[in-house]
Amino acid sequence: MFSIKKFLFNIKKSLLDNTEKKKTYSTFFKWSFTKTISIIFLTYLLQIINPYLDYWIKAIINDYLTPDNVVFKLNIINNSEYITFLSAIAAIGGVFIALYFSSLSAINATLYSTFSKNLRDLLYRDKISDTYIKILSITTFFSFTLIGFYLLGFEKIYIAIPILLLLIGFSIFSYFGMGNRMHELLGSDTLAHSIFNNLYRYINHTTKSDIYNHDRSFQKHYFTQASNEIKLLTSLIETSLENYKIHNASFQNITLNIFKLLTYYQIKKRQIPYNSLWYRQEYKYKDLYKMGNFSNLDIFVQNAMMPQGESKSDLFWIEDKLIIYIIKILINKIKNDEIEDYQDLLSYFLRYIKILVNNGNVAYAVKIIEQLKKEMDSDSSIKNSNLLLLTDYTYSLPIEILLEFIKNINIYSYSYVSNVVNTNDLAKEQVKNKFNENLSETLNWLHEKLSLEIKAEGKEISHKWYQVEIIMLTLSKEFVDNIETINNLLKSFFKNDLKDKNIQLYATILHRKWEFINKYILNFQQIETILNEYIDKRNIDDLNWKEFDIEEYKNKNKILKRECILEIGEILTLIDDRKADNIPDIKGFFLQTTSENLIELLLNKNYKELINIYPKFLISSMFKYYDLKPDFNTEHLNWRKEGELVQSFLPILNLLEITGLIKIILEFNEEQEVWDKIENYWLNLLKDEKKFININFIHSIISISDSRLGVSPGD
């Protein structure tokens, strides 16, 4: 019995082993069968047409491709020469294949210590290497096939000789290029090529308007595939950042390719349905105690069920994963003072921000610059000179967003939407390319509604004005949200605590804040025109329109401007003087800005703020004079030195001019008490034992300037 069971067990084991072997053989079969049969079949075709080819090739070469005194004859090749030639070709191909995989193994071993397995597998995705190895394999096996056919008794195929010459020549000379490319495979940017190619492919598949595009399974499949590729890309960047010195040369190309991908994707988004599963789905649940949400709450409670959440498409799931790595690469470039790289990256960054704003995504553009600010603030290792550049660039981005938004403000108007609706049939045509992707959901709903009306009634029931109204309901909400986002920038983005830490950075940020406020106020008329349209041209008041108050926006603007000029006035005496010509004269700019806005504070009767700022303005004007005054001996005074001296008086003349205007306005408003405070401040300065100002000094400035036609910078 034992022997029988042993015999049966051995049979069972051998069958299992054979099954595993068969699986292995089937894998080899799948890899090689089709290619092997194809080359054998092509060789057989050559064998059939060989006699005809010999005749026509000799005729063509003799008639067209040889000189008059040369005759082409097909030399008879003996057996050994034919076999030797084919064997040499096969041997060379085999050697190149071995060399290629040896090099690939060496690269894999180099990457083994730093890259994970999924990243090392990117080596085998390289299309150039894959194509090269296929050509080598075809060349080698084709030579063996010709030898095999000849040994079976077939005649020699002469046309195969030039074909093999071309193939082996291509392989030999390409190997030189492949040798150089092997070094490139150590770079993370080369490894990322296949990832970017796949992402472009999935985006293109998703935007196709065919039966597969509407299938939820295909949408989910492309989302999953794209997610895996992005995980690979982010993992590659993270690993490369850990070994920054090794891979720093690759980051420039990687970042540029990410910007190109995101720009291409932003344009293509309009063709992707809002409810497509290509977008990552998020669920949002209502507050059940809010008005209108608890009408059917008792039904859910009785059945012990929670109301289902509403599915929302995340339109920026790809951007969220990639932008943060762009910022990290940018910060690293700046930290390592790679000026030739990070200046290009900054320009690409700005270009992408503008593209987002052009497509109506102001909120997301703001989110990106807030991420940049957060990363910059959290990294204390950036050199001070580079930090000043990065700070100025970062805080100039809100201004760029504002100007780009104003530049394209017409797309939010009633006139633009009316023109699109009246010149297009929304029931038959998709007009997504004329609006940004945030309107995709509304346009889809409207398209389906109109299509249903035509099927049911044979014509459109909804009038054109109603179609405009439905689109404007969403578009106006987006416009007002953008205005509020821009307004909030001043409160959140420009808020900083650098006043006591780094006054130069603080002044740089304050300058950009002041510029932003003034550009916003200057262009607010265009915003007001669009907002008034929403009120005047609205046809159905009972729709869920977004609330807004134009006067409230204007008042906020005035308050923000006043608060900013107070901030500027507060730090006038704290800002350092210029150390070199390549440093902007922020102190001089703020001094003149303060002088012009003191009158505005006065006209608005902000006397408290005026009294607070004026002493700092006076002292700063005096300091500016001493900063500009040339050093010279009176005995060697010449016309050039005298000109420099007169120019140095300009801050004092400006101070006196503004003070005179303040006196006139206060007298007109009968505010003697306010003027007394300003006058007392002057008198205290003139009486001070350590005084650096006196009446004679001021008199001399006025006299010399008058004789030399010196005037203050103001009007």
# chains A, B, ... in the order shown; residues from 1 in each chain; ligands from 1
call {"tool": "residues_around", "arguments": {"residues": "range 475-484 of chain A", "least_positions_apart": "4", "cutoff": "8 Å", "atoms": "only C-alpha atoms", "output": "list of chain:residue names"}}
result
A:Val362, A:Ala363, A:Tyr412, A:Leu439, A:Ile471, A:Asn488, A:Tyr534, A:Trp545, A:Lys546, A:Phe548
call {"tool": "write_last_selection", "arguments": {"atoms": "C-alpha atoms", "output": "PDB file, in the first residue's frame"}}
result
ATOM      1  CA  VAL A 362      -8.620  82.455 -10.122  1.00  0.00           C
ATOM      2  CA  ALA A 363      -9.213  80.613  -6.826  1.00  0.00           C
ATOM      3  CA  TYR A 412     -17.935  87.204 -17.551  1.00  0.00           C
ATOM      4  CA  LEU A 439     -19.350  75.930 -16.482  1.00  0.00           C
ATOM      5  CA  ILE A 471     -25.467  80.280 -17.894  1.00  0.00           C
ATOM      6  CA  ASN A 488      -9.261  88.246   0.609  1.00  0.00           C
ATOM      7  CA  TYR A 534     -25.780  91.447 -13.270  1.00  0.00           C
ATOM      8  CA  TRP A 545     -28.167  84.583  -7.514  1.00  0.00           C
ATOM      9  CA  LYS A 546     -24.961  85.227  -5.600  1.00  0.00           C
ATOM     10  CA  PHE A 548     -22.887  91.167  -3.571  1.00  0.00           C
TER      11      PHE A 548
END
call {"tool": "residues_around", "arguments": {"residues": "range 153-165 of chain A", "least_positions_apart": "4", "cutoff": "7 Å", "atoms": "only C-alpha atoms", "output": "list in words"}}
result
Gln47, Asn50, Thr139, Phe149 and Gly169 of chain A
call {"tool": "write_last_selection", "arguments": {"atoms": "C-alpha atoms", "output": "PDB file, in the first residue's frame"}}
result
ATOM      1  CA  GLN A  47      12.671  33.119 -51.268  1.00  0.00           C
ATOM      2  CA  ASN A  50      14.098  36.060 -55.272  1.00  0.00           C
ATOM      3  CA  THR A 139      18.825  41.359 -37.579  1.00  0.00           C
ATOM      4  CA  PHE A 149      16.631  28.026 -45.302  1.00  0.00           C
ATOM      5  CA  GLY A 169      24.983  49.234 -40.311  1.00  0.00           C
TER       6      GLY A 169
END
call {"tool": "residues_around", "arguments": {"residues": "Phe141 in chain A", "least_positions_apart": "6", "cutoff": "12 Å", "atoms": "only C-alpha atoms", "output": "VMD selection string"}}
result
chain A and resid 32 35 to 40 42 to 43 86 to 87 89 to 94 97 134 to 135 147 to 148 164 167
call {"tool": "residues_around", "arguments": {"residues": "Pro273 in chain A", "least_positions_apart": "2", "cutoff": "8 Å", "atoms": "only C-alpha atoms", "output": "PDB file with N, CA and C atoms, in the first residue's frame"}}
result
ATOM      1  N   ARG A 270     -11.845  71.314 -21.031  1.00  0.00           N
ATOM      2  CA  ARG A 270     -13.166  71.748 -21.491  1.00  0.00           C
ATOM      3  C   ARG A 270     -13.907  70.637 -22.225  1.00  0.00           C
ATOM      4  N   GLN A 271     -13.160  69.650 -22.748  1.00  0.00           N
ATOM      5  CA  GLN A 271     -13.778  68.563 -23.513  1.00  0.00           C
ATOM      6  C   GLN A 271     -14.146  67.365 -22.640  1.00  0.00           C
ATOM      7  N   ASN A 275     -19.105  65.240 -14.965  1.00  0.00           N
ATOM      8  CA  ASN A 275     -19.406  64.062 -14.140  1.00  0.00           C
ATOM      9  C   ASN A 275     -18.586  62.834 -14.539  1.00  0.00           C
ATOM     10  N   SER A 276     -17.577  63.029 -15.380  1.00  0.00           N
ATOM     11  CA  SER A 276     -16.731  61.901 -15.789  1.00  0.00           C
ATOM     12  C   SER A 276     -15.950  61.357 -14.595  1.00  0.00           C
ATOM     13  N   SER A 440     -18.913  73.620 -17.084  1.00  0.00           N
ATOM     14  CA  SER A 440     -19.177  72.348 -17.765  1.00  0.00           C
ATOM     15  C   SER A 440     -20.474  71.700 -17.289  1.00  0.00           C
ATOM     16  N   GLU A 441     -20.694  71.690 -15.976  1.00  0.00           N
ATOM     17  CA  GLU A 441     -21.889  71.052 -15.419  1.00  0.00           C
ATOM     18  C   GLU A 441     -23.154  71.754 -15.910  1.00  0.00           C
ATOM     19  N   ASN A 444     -23.695  71.098 -19.699  1.00  0.00           N
ATOM     20  CA  ASN A 444     -24.188  69.738 -19.933  1.00  0.00           C
ATOM     21  C   ASN A 444     -25.685  69.641 -19.646  1.00  0.00           C
TER      22      ASN A 444
END
call {"tool": "atom_distance", "arguments": {"atom1": "CA of Ile586 in chain A", "atom2": "CA of Ile503 in chain A"}}
result
11.1 Å
